[in-house]
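For reference, work13.cif is printed below; it contains mmCIF, C-alpha atoms.
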```
data_protein
#
loop_
_atom_site.label_atom_id
_atom_site.label_comp_id
_atom_site.auth_asym_id
_atom_site.auth_seq_id
_atom_site.Cartn_x
_atom_site.Cartn_y
_atom_site.Cartn_z
CA MET Z 25 98.40 94.95 155.34
CA PRO Z 26 100.89 92.72 153.48
CA ILE Z 27 102.83 94.45 150.73
CA SER Z 28 103.99 92.63 147.59
CA PHE Z 29 107.02 93.97 145.78
CA SER Z 30 106.47 91.64 142.80
CA SER Z 31 105.30 93.27 139.62
CA GLN Z 32 101.90 92.29 138.28
CA PRO Z 33 103.39 90.37 135.29
CA THR Z 34 105.64 88.39 137.65
CA ARG Z 35 102.71 87.42 139.87
CA ALA Z 36 100.69 86.43 136.80
CA LEU Z 37 103.59 84.33 135.56
CA ARG Z 38 103.81 82.48 138.86
CA GLY Z 39 100.14 81.60 138.64
CA ARG Z 40 100.32 80.45 135.06
CA GLY Z 41 101.12 76.86 136.02
CA ALA Z 42 98.60 76.65 138.85
CA GLY Z 43 96.32 73.66 138.39
CA VAL Z 44 98.35 72.31 135.45
CA THR Z 45 99.89 68.84 135.46
CA ALA Z 46 102.68 68.13 132.98
CA VAL Z 47 103.12 64.43 132.14
CA LEU Z 48 106.51 64.04 130.49
CA GLY Z 49 108.41 61.06 129.17
CA PRO Z 50 109.69 59.31 126.06
CA THR Z 51 107.48 57.58 123.51
CA ASN Z 52 105.38 54.60 124.57
CA THR Z 53 104.78 55.72 128.13
CA GLY Z 54 100.99 55.76 127.87
CA LYS Z 55 100.62 59.56 127.98
CA THR Z 56 97.87 59.77 125.35
CA HIS Z 57 96.07 56.80 126.89
CA LEU Z 58 96.23 58.59 130.27
CA ALA Z 59 94.69 61.71 128.71
CA ILE Z 60 91.80 59.70 127.29
CA GLU Z 61 91.13 57.95 130.60
CA ARG Z 62 91.29 61.19 132.57
CA MET Z 63 88.98 62.98 130.11
CA LEU Z 64 86.37 60.23 130.31
CA ALA Z 65 86.46 60.46 134.10
CA HIS Z 66 85.12 64.03 133.85
CA SER Z 67 81.74 65.38 132.78
CA SER Z 68 83.26 67.06 129.72
CA GLY Z 69 86.63 67.47 128.09
CA LEU Z 70 88.80 68.55 125.16
CA VAL Z 71 92.03 66.96 123.97
CA GLY Z 72 94.32 68.61 121.41
CA LEU Z 73 96.58 66.36 119.33
CA PRO Z 74 99.43 67.03 116.88
CA LEU Z 75 98.16 64.95 113.92
CA ARG Z 76 94.88 64.63 112.04
CA LEU Z 77 95.34 60.87 111.88
CA LEU Z 78 96.01 60.64 115.61
CA ALA Z 79 92.94 62.79 116.29
CA ARG Z 80 90.85 60.36 114.22
CA GLU Z 81 92.33 57.39 116.13
CA VAL Z 82 91.53 58.95 119.52
CA TYR Z 83 88.06 59.96 118.33
CA ASN Z 84 87.33 56.36 117.35
CA LYS Z 85 88.48 55.10 120.77
CA VAL Z 86 86.39 57.65 122.66
CA ALA Z 87 83.35 57.05 120.43
CA ASP Z 88 83.60 53.31 121.09
CA ARG Z 89 83.53 54.02 124.82
CA VAL Z 90 80.84 56.70 125.11
CA GLY Z 91 78.99 56.60 121.78
CA LYS Z 92 79.26 58.84 118.74
CA ASP Z 93 76.57 61.21 120.02
CA ALA Z 94 78.79 62.21 122.95
CA VAL Z 95 82.02 63.09 121.13
CA ALA Z 96 83.03 65.58 118.43
CA LEU Z 97 86.01 65.53 116.07
CA ILE Z 98 87.44 68.81 114.82
CA THR Z 99 90.44 68.93 112.45
CA GLY Z 100 91.41 70.95 109.42
CA GLU Z 101 89.92 68.22 107.22
CA GLU Z 102 87.10 66.63 109.22
CA LYS Z 103 84.32 68.00 111.37
CA ILE Z 104 82.02 65.57 113.14
CA LYS Z 105 79.88 67.54 115.56
CA PRO Z 106 76.77 65.98 117.13
CA PRO Z 107 74.19 68.32 118.69
CA ASN Z 108 75.45 68.21 122.29
CA PRO Z 109 78.86 66.53 122.59
CA ARG Z 110 80.40 66.11 126.03
CA PHE Z 111 83.88 65.39 124.70
CA TRP Z 112 85.91 67.04 121.96
CA VAL Z 113 88.89 65.61 120.06
CA SER Z 114 90.83 68.04 117.91
CA THR Z 115 94.15 68.88 116.34
CA VAL Z 116 95.93 71.53 118.38
CA GLU Z 117 95.47 74.15 115.65
CA ALA Z 118 91.72 73.48 115.47
CA MET Z 119 91.01 73.41 119.24
CA PRO Z 120 87.80 75.39 119.91
CA ARG Z 121 88.67 78.42 122.01
CA ASP Z 122 85.21 79.14 123.41
CA LEU Z 123 84.50 75.83 125.18
CA ASP Z 124 83.98 75.60 128.92
CA VAL Z 125 85.08 72.05 129.76
CA ALA Z 126 86.00 70.22 132.94
CA PHE Z 127 89.12 68.63 131.44
CA LEU Z 128 91.71 69.76 128.90
CA ALA Z 129 94.82 68.04 127.50
CA ILE Z 130 97.43 69.24 125.00
CA ASP Z 131 99.61 66.52 123.51
CA GLU Z 132 103.23 66.66 122.25
CA VAL Z 133 103.93 70.12 123.66
CA GLN Z 134 107.60 69.84 122.67
CA LEU Z 135 106.35 71.09 119.30
CA GLY Z 136 106.35 74.48 121.01
CA ASP Z 137 109.87 74.90 119.62
CA ASP Z 138 108.82 74.08 116.05
CA PHE Z 139 109.57 76.94 113.67
CA GLU Z 140 106.15 76.84 111.94
CA ARG Z 141 103.74 75.33 114.47
CA GLY Z 142 105.42 76.28 117.75
CA HIS Z 143 103.47 79.50 118.29
CA VAL Z 144 100.18 77.55 118.29
CA PHE Z 145 101.33 74.96 120.83
CA THR Z 146 102.82 77.68 123.03
CA ASP Z 147 99.62 79.71 122.89
CA ARG Z 148 97.51 76.71 123.89
CA MET Z 149 99.87 75.89 126.77
CA LEU Z 150 99.78 79.43 128.11
CA ASN Z 151 96.15 80.36 127.60
CA MET Z 152 93.84 77.33 127.52
CA ARG Z 153 92.61 75.88 130.81
CA ALA Z 154 89.84 73.59 132.01
CA ARG Z 155 87.66 74.10 135.05
CA GLU Z 156 88.91 71.05 136.95
CA GLU Z 157 91.99 69.45 135.37
CA THR Z 158 94.50 70.53 132.73
CA LEU Z 159 97.21 68.23 131.35
CA VAL Z 160 100.12 69.02 129.08
CA LEU Z 161 101.88 65.99 127.60
CA GLY Z 162 105.26 65.80 125.96
CA ALA Z 163 108.79 64.51 125.76
CA ALA Z 164 111.04 64.55 128.83
CA THR Z 165 113.33 67.01 127.02
CA VAL Z 166 110.66 69.70 127.23
CA ARG Z 167 110.82 69.89 131.04
CA PRO Z 168 112.96 73.08 131.18
CA MET Z 169 110.50 74.82 128.85
CA VAL Z 170 107.53 73.73 130.95
CA GLU Z 171 109.21 74.88 134.17
CA LYS Z 172 109.91 78.29 132.62
CA LEU Z 173 106.56 78.86 130.91
CA LEU Z 174 104.35 77.20 133.54
CA PRO Z 175 105.95 77.86 136.94
CA GLY Z 176 104.08 76.00 139.66
CA ALA Z 177 102.90 73.21 137.36
CA HIS Z 178 103.02 69.73 138.83
CA ILE Z 179 105.43 67.65 136.72
CA ILE Z 180 105.14 63.86 136.47
CA SER Z 181 107.76 61.74 134.72
CA ARG Z 182 106.75 58.43 133.17
CA PRO Z 183 109.15 55.66 132.12
CA ARG Z 184 108.95 53.91 128.77
CA LEU Z 185 106.87 50.72 128.92
CA SER Z 186 108.94 48.70 126.46
CA MET Z 187 112.62 48.37 125.62
CA LEU Z 188 114.28 49.82 122.50
CA THR Z 189 117.37 48.26 120.93
CA HIS Z 190 119.42 49.25 117.88
CA ALA Z 191 119.37 46.52 115.23
CA GLY Z 192 121.93 48.01 112.84
CA GLU Z 193 121.56 48.35 109.09
CA LYS Z 194 119.40 46.02 106.99
CA LYS Z 195 118.37 45.79 103.37
CA LEU Z 196 114.74 46.66 102.73
CA THR Z 197 114.08 43.13 101.56
CA ARG Z 198 115.51 41.72 104.82
CA LEU Z 199 113.33 43.69 107.20
CA PRO Z 200 111.23 41.52 109.56
CA PRO Z 201 107.42 41.59 109.53
CA ARG Z 202 105.59 44.34 111.46
CA SER Z 203 108.13 46.93 110.35
CA ALA Z 204 107.58 50.61 109.61
CA ILE Z 205 109.88 52.22 107.06
CA VAL Z 206 110.15 56.00 107.39
CA GLY Z 207 110.89 58.14 104.34
CA PHE Z 208 111.12 61.91 104.08
CA SER Z 209 109.39 62.66 100.79
CA ALA Z 210 106.33 61.35 98.96
CA GLU Z 211 108.51 60.10 96.11
CA GLU Z 212 110.73 58.14 98.49
CA VAL Z 213 107.75 56.65 100.35
CA TYR Z 214 106.04 55.45 97.15
CA ALA Z 215 109.29 54.03 95.73
CA ILE Z 216 109.96 52.05 98.91
CA ALA Z 217 106.37 50.82 99.05
CA GLU Z 218 106.55 49.61 95.45
CA LEU Z 219 109.80 47.72 96.13
CA ILE Z 220 108.30 46.02 99.19
CA ARG Z 221 105.15 45.12 97.26
CA ARG Z 222 107.26 43.40 94.59
CA GLN Z 223 109.56 41.63 97.03
CA ARG Z 224 107.36 40.93 100.07
CA GLY Z 225 103.79 41.03 98.80
CA GLY Z 226 102.28 44.22 100.19
CA ALA Z 227 102.69 47.43 102.18
CA ALA Z 228 100.46 50.15 103.56
CA VAL Z 229 101.30 53.80 102.83
CA VAL Z 230 100.60 56.70 105.20
CA LEU Z 231 101.15 60.26 103.99
CA GLY Z 232 99.77 63.55 105.21
CA ALA Z 233 98.74 64.40 101.64
CA LEU Z 234 96.29 61.48 101.47
CA SER Z 235 92.60 62.06 102.10
CA PRO Z 236 91.33 61.15 105.60
CA ARG Z 237 89.40 58.15 104.26
CA THR Z 238 92.44 56.82 102.38
CA ARG Z 239 94.80 57.33 105.32
CA ASN Z 240 92.40 55.62 107.72
CA ALA Z 241 91.99 52.72 105.28
CA GLN Z 242 95.76 52.29 104.93
CA VAL Z 243 96.24 52.24 108.71
CA ALA Z 244 93.42 49.71 109.03
CA ILE Z 245 95.06 47.44 106.44
CA TYR Z 246 98.27 47.40 108.44
CA GLN Z 247 96.65 47.08 111.87
CA SER Z 248 94.48 44.17 110.74
CA GLY Z 249 97.55 42.21 109.62
CA ASP Z 250 96.58 42.14 105.94
CA VAL Z 251 100.06 43.53 105.25
CA ASP Z 252 103.14 43.33 107.44
CA TYR Z 253 104.88 46.52 106.33
CA LEU Z 254 104.04 50.19 106.68
CA VAL Z 255 105.79 52.93 104.71
CA ALA Z 256 105.22 56.43 106.04
CA THR Z 257 106.65 59.89 106.49
CA ASP Z 258 108.11 60.99 109.82
CA ALA Z 259 104.64 62.16 110.92
CA ILE Z 260 104.15 58.74 112.53
CA GLY Z 261 106.58 59.91 115.21
CA MET Z 262 103.97 62.29 116.61
CA GLY Z 263 102.15 59.76 118.75
CA LEU Z 264 100.45 57.61 116.13
CA ASN Z 265 99.81 54.30 117.92
CA LEU Z 266 100.53 51.42 115.58
CA ASP Z 267 101.46 47.81 116.24
CA VAL Z 268 105.04 48.23 115.06
CA ASP Z 269 107.89 45.99 116.22
CA HIS Z 270 110.65 47.55 114.11
CA VAL Z 271 111.28 51.04 112.74
CA ALA Z 272 113.70 51.52 109.83
CA PHE Z 273 114.96 54.88 108.55
CA ALA Z 274 115.30 55.15 104.78
CA SER Z 275 117.56 58.15 105.41
CA ASP Z 276 118.81 60.32 108.24
CA ARG Z 277 118.30 63.56 106.29
CA LYS Z 278 115.13 65.52 105.60
CA PHE Z 279 114.00 68.73 103.96
CA ASP Z 280 112.41 70.85 106.70
CA GLY Z 281 110.84 73.40 104.38
CA TYR Z 282 113.94 75.54 104.25
CA GLN Z 283 116.94 73.26 103.85
CA PHE Z 284 118.11 69.67 103.75
CA ARG Z 285 119.56 68.73 107.13
CA LYS Z 286 120.35 65.70 109.27
CA LEU Z 287 117.75 64.59 111.79
CA ASN Z 288 118.53 65.76 115.29
CA PRO Z 289 118.68 63.25 118.19
CA SER Z 290 115.24 64.15 119.54
CA GLU Z 291 113.64 63.57 116.12
CA LEU Z 292 115.39 60.22 115.76
CA ALA Z 293 114.25 59.16 119.22
CA GLN Z 294 110.66 60.30 118.62
CA ILE Z 295 110.34 58.32 115.40
CA ALA Z 296 112.25 55.23 116.58
CA GLY Z 297 110.12 55.18 119.71
CA ARG Z 298 107.11 54.08 117.65
CA ALA Z 299 108.63 50.57 117.82
CA GLY Z 300 107.24 48.43 120.59
CA ARG Z 301 103.93 48.76 122.37
CA ALA Z 302 103.12 48.20 126.04
CA ILE Z 303 100.10 46.09 125.07
CA ARG Z 304 99.80 44.52 121.64
CA THR Z 305 96.17 44.04 120.63
CA ASP Z 306 97.15 41.78 117.74
CA ARG Z 307 98.88 39.27 120.03
CA PRO Z 308 97.30 36.97 122.60
CA ALA Z 309 97.34 37.89 126.29
CA ALA Z 310 97.94 35.14 128.86
CA LEU Z 311 96.32 35.39 132.31
CA LEU Z 312 97.14 33.18 135.28
CA GLY Z 313 94.36 33.00 137.87
CA ALA Z 314 90.58 33.19 138.01
CA GLY Z 315 89.75 35.22 141.12
CA GLY Z 316 88.27 38.67 141.53
CA ALA Z 317 91.41 40.40 140.21
CA ALA Z 318 91.36 38.13 137.15
CA ARG Z 319 87.77 39.14 136.45
CA ALA Z 320 88.70 42.84 136.47
CA ILE Z 321 91.76 42.16 134.29
CA LEU Z 322 89.68 40.21 131.77
CA ALA Z 323 87.24 43.11 131.52
CA ALA Z 324 90.12 45.55 130.95
CA LEU Z 325 91.76 43.33 128.31
CA ALA Z 326 88.49 42.89 126.45
CA GLY Z 327 87.87 46.64 126.64
CA ALA Z 328 91.35 47.32 125.26
CA GLY Z 329 90.55 45.27 122.17
CA ILE Z 330 92.84 42.29 122.82
CA ARG Z 331 91.79 39.82 120.14
CA GLU Z 332 92.72 36.61 121.94
CA ILE Z 333 92.80 36.09 125.71
CA ARG Z 334 94.10 32.88 127.24
CA ILE Z 335 93.48 31.91 130.85
CA ALA Z 336 94.82 29.11 133.06
CA ASN Z 337 93.93 28.42 136.68
CA ARG Z 338 94.67 25.63 139.13
CA ASN Z 339 90.92 25.11 139.39
CA ARG Z 340 89.79 24.80 135.77
CA GLU Z 341 86.10 25.17 136.64
CA ARG Z 342 86.65 28.69 137.95
CA ALA Z 343 88.49 29.63 134.74
CA GLU Z 344 85.65 28.21 132.65
CA ALA Z 345 83.16 30.27 134.68
CA LEU Z 346 85.03 33.44 133.73
CA ALA Z 347 85.32 32.32 130.10
CA ALA Z 348 81.53 32.03 130.01
CA VAL Z 349 81.34 35.77 130.70
CA PHE Z 350 84.42 37.09 128.87
CA PRO Z 351 85.90 36.04 125.50
CA ALA Z 352 88.73 33.81 126.77
CA THR Z 353 90.19 30.41 125.92
CA VAL Z 354 90.80 28.15 128.91
CA TYR Z 355 94.00 26.11 129.21
CA ASP Z 356 94.75 23.37 131.71
CA TRP Z 357 97.11 24.46 134.45
CA ASP Z 358 99.61 21.86 133.25
CA ASP Z 359 99.56 23.54 129.82
CA ARG Z 360 100.31 27.02 131.18
CA GLU Z 361 103.73 27.16 129.50
CA ARG Z 362 102.30 26.18 126.11
CA MET Z 363 99.74 28.97 126.61
CA LEU Z 364 102.57 31.54 126.39
CA GLU Z 365 103.44 30.88 122.74
CA GLY Z 366 103.14 34.06 120.68
CA CYS Z 367 101.74 36.15 123.55
CA GLY Z 368 102.39 39.87 123.85
CA LEU Z 369 101.36 40.05 127.50
CA LEU Z 370 101.60 37.76 130.55
CA ILE Z 371 99.76 38.61 133.78
CA ASN Z 372 99.94 36.70 137.05
CA SER Z 373 96.84 37.38 139.14
CA THR Z 374 97.35 34.42 141.48
CA SER Z 375 98.87 34.60 144.98
CA LEU Z 376 101.70 32.31 143.86
CA GLY Z 377 105.01 34.04 144.44
CA MET Z 378 103.65 36.23 147.23
CA THR Z 379 105.52 36.32 150.51
CA GLY Z 380 104.50 33.22 152.52
CA GLN Z 381 102.93 31.52 149.47
CA PRO Z 382 104.33 28.79 147.18
CA ALA Z 383 106.42 29.88 144.22
CA LEU Z 384 104.91 30.33 140.78
CA GLU Z 385 106.45 27.56 138.74
CA ILE Z 386 106.32 28.46 135.07
CA GLY Z 387 109.02 28.39 132.40
CA LEU Z 388 109.28 31.40 130.12
CA ASP Z 389 111.10 29.83 127.17
CA ARG Z 390 107.98 29.93 124.99
CA LEU Z 391 107.20 33.58 125.79
CA PRO Z 392 108.41 36.07 123.12
CA PRO Z 393 111.28 38.22 124.46
CA ASN Z 394 109.40 41.47 123.81
CA ALA Z 395 106.23 40.42 125.65
CA LEU Z 396 105.27 42.53 128.67
CA VAL Z 397 105.22 40.62 131.97
CA THR Z 398 103.34 41.91 135.01
CA ASP Z 399 102.58 40.47 138.43
CA ILE Z 400 99.85 41.94 140.63
CA VAL Z 401 101.71 40.67 143.70
CA TYR Z 402 103.46 43.54 145.49
CA ARG Z 403 104.96 41.65 148.44
CA PRO Z 404 107.69 41.15 147.36
CA LEU Z 405 107.60 43.96 144.84
CA GLU Z 406 110.08 42.17 142.57
CA THR Z 407 108.69 38.64 142.39
CA ASP Z 408 110.63 35.68 141.05
CA LEU Z 409 108.51 35.85 137.88
CA LEU Z 410 109.56 39.46 137.25
CA VAL Z 411 113.22 38.73 138.06
CA ARG Z 412 113.34 35.88 135.54
CA ALA Z 413 111.43 37.86 132.90
CA ARG Z 414 113.72 40.88 133.28
CA ALA Z 415 116.80 38.65 133.02
CA ARG Z 416 115.69 37.42 129.59
CA GLY Z 417 114.97 40.94 128.33
CA ASN Z 418 111.19 41.17 128.79
CA PRO Z 419 109.78 44.52 129.93
CA VAL Z 420 108.17 44.10 133.36
CA VAL Z 421 105.65 45.95 135.53
CA ASP Z 422 105.29 45.29 139.26
CA GLY Z 423 102.04 45.10 141.21
CA LEU Z 424 102.26 48.40 143.05
CA GLY Z 425 100.74 50.34 140.15
CA MET Z 426 97.64 48.14 140.30
CA LEU Z 427 97.34 48.78 144.03
CA LEU Z 428 97.65 52.55 143.64
CA HIS Z 429 95.41 52.99 140.62
CA GLN Z 430 92.58 50.85 141.96
CA ALA Z 431 92.67 52.98 145.12
CA VAL Z 432 91.98 56.10 143.04
CA GLU Z 433 88.39 55.07 142.27
CA GLY Z 434 87.67 54.17 145.89
CA PHE Z 435 89.15 57.43 147.18
CA ALA Z 436 87.09 59.42 144.68
CA ALA Z 437 83.90 57.56 145.64
CA TRP Z 438 84.41 58.15 149.37
CA PHE Z 439 85.80 61.67 149.44
CA GLY Z 440 84.63 63.23 146.17
CA MET Z 441 88.21 64.02 145.11
CA THR Z 442 90.22 62.22 142.45
CA PRO Z 443 93.86 61.85 143.53
CA THR Z 444 96.72 61.63 141.04
CA VAL Z 445 99.19 58.75 141.19
CA THR Z 446 102.62 60.36 141.15
CA PRO Z 447 106.20 59.10 141.53
CA GLU Z 448 106.23 60.78 144.95
CA LEU Z 449 103.14 58.83 146.05
CA ARG Z 450 104.70 55.61 144.80
CA GLU Z 451 107.89 56.30 146.77
CA HIS Z 452 105.83 57.06 149.88
CA VAL Z 453 103.99 53.73 149.61
CA LEU Z 454 107.27 51.91 148.86
CA ALA Z 455 108.76 53.35 152.05
CA ALA Z 456 105.76 52.09 154.01
CA ILE Z 457 106.14 48.62 152.49
CA ARG Z 458 109.85 48.56 153.35
CA HIS Z 459 109.02 49.37 156.97
CA GLY Z 460 106.38 46.63 157.09
CA VAL Z 461 103.39 48.96 157.33
#
```

Just give me the structure of the file as structure tokens.
Amino acid sequence: MPISFSSQPTRALRGRGAGVTAVLGPTNTGKTHLAIERMLAHSSGLVGLPLRLLAREVYNKVADRVGKDAVALITGEEKIKPPNPRFWVSTVEAMPRDLDVAFLAIDEVQLGDDFERGHVFTDRMLNMRAREETLVLGAATVRPMVEKLLPGAHIISRPRLSMLTHAGEKKLTRLPPRSAIVGFSAEEVYAIAELIRRQRGGAAVVLGALSPRTRNAQVAIYQSGDVDYLVATDAIGMGLNLDVDHVAFASDRKFDGYQFRKLNPSELAQIAGRAGRAIRTDRPAALLGAGGAARAILAALAGAGIREIRIANRNRERAEALAAVFPATVYDWDDRERMLEGCGLLINSTSLGMTGQPALEIGLDRLPPNALVTDIVYRPLETDLLVRARARGNPVVDGLGMLLHQAVEGFAAWFGMTPTVTPELREHVLAAIRHGV
């Protein structure tokens, strides 16, 4: 019989990461969105989040998708528990320990090294598992900790979906609209908010000390565009998804409960990373094309809450047929460049630009430089549209992701197994494309 010379604790440690997937990357990589989508693909699930306000935001998104009777919210302040919820959204500290769920996710696991909260995040990482799929989400810097605590875990790295740039110092009264100003005490936050109200007309305030109803109302005021400035504590760095274009630091020092100290690089990056979103729901999205792919894209954009969708197609009648089903404004093909004004997202779903097809002729001068540009064409992978967009500073996404992710649903339907799209899978498909397969 085979003999193992490993001690029992060592064998247990090796199995600790079995069945766990760690999704790591900087801010704005879609990690929390991935957790929501994966949870809703299962029969039941639990997601643990670092902030009460973020838990409320995710609860609202899940409730909009599956109904309030199917989802529970558990935090230190709020408890919304229908009779038989399938999905649970919670702060990490309040995660129910006795649930048997198919899916589990723990967000912002880099807080495992926090002096006060770290023991809770570490405990959840080590001891909480789902029947079918367990995700841990966090910053790329936490990878060594994950590899040590969860040996055998499958680690996926995700790139940031938008570009960050340093804008230098600015006076408070010179900050552009859609800015978040981060202070490190309640007194500082209220003083800054009052100055902005006097000089610029209004600001929303987000503090952990506010009641849930007040915090939610303040976030809603900012998100709706009623005010263009948000003043908050550094808690917004923990994954709160706001439509922020600029982040300004009122100071680079904070009191951490024990001493005043300078912010460390990871804290600066976490907070600054709130600037820029992959998809801005408050800006129009422009779609080129009106085929089957365009129909699916329109459904996804509408489901994501994009307030204004613009569509242009060489055959206007086909675009109008889609606009009769989805909330979209149709533009003439000759007006496709004018359609780009103020957009936060541009999608090409036509075959123009594909190998063997005519080029996509469209100027990008009217497209904002921070708008995301994506092309569902994947032959060539880097289309002329993406090359020109990248050259002017726009973040870009190629069409291979669409190909891979749409295959997931088909694979699951045929074989009863849900594959995971990984960087290794992408490289494998890229190699096949390079060899003409």

Enumerate, as a ChimeraX atom specification, the residues matched when the PyMOL selection byres ((chain Z and resi 189-197) around 12) is run on the file above. /Z:186-188,198-201,203-206,215-226,253-255,269-275,292-293,296-297,299-300,394,417

With distances taken over all atoms listed in the file, which of Z:Ile400, Z:Leu454, Z:Ile333, Z:Leu128 is nearest to Met152 (chain Z)? Z:Leu128

Atom pair CA of Arg319 (chain Z) + CA of Ala59 (chain Z), distance 24.8 Å

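Here CA of Leu266 (chain Z) and CA of Arg239 (chain Z) stand 13.2 Å from one another.
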
In Å, rounded to a single decimal, give me how far CA of Gly327 (chain Z) is from CA of Arg360 (chain Z). 23.7 Å
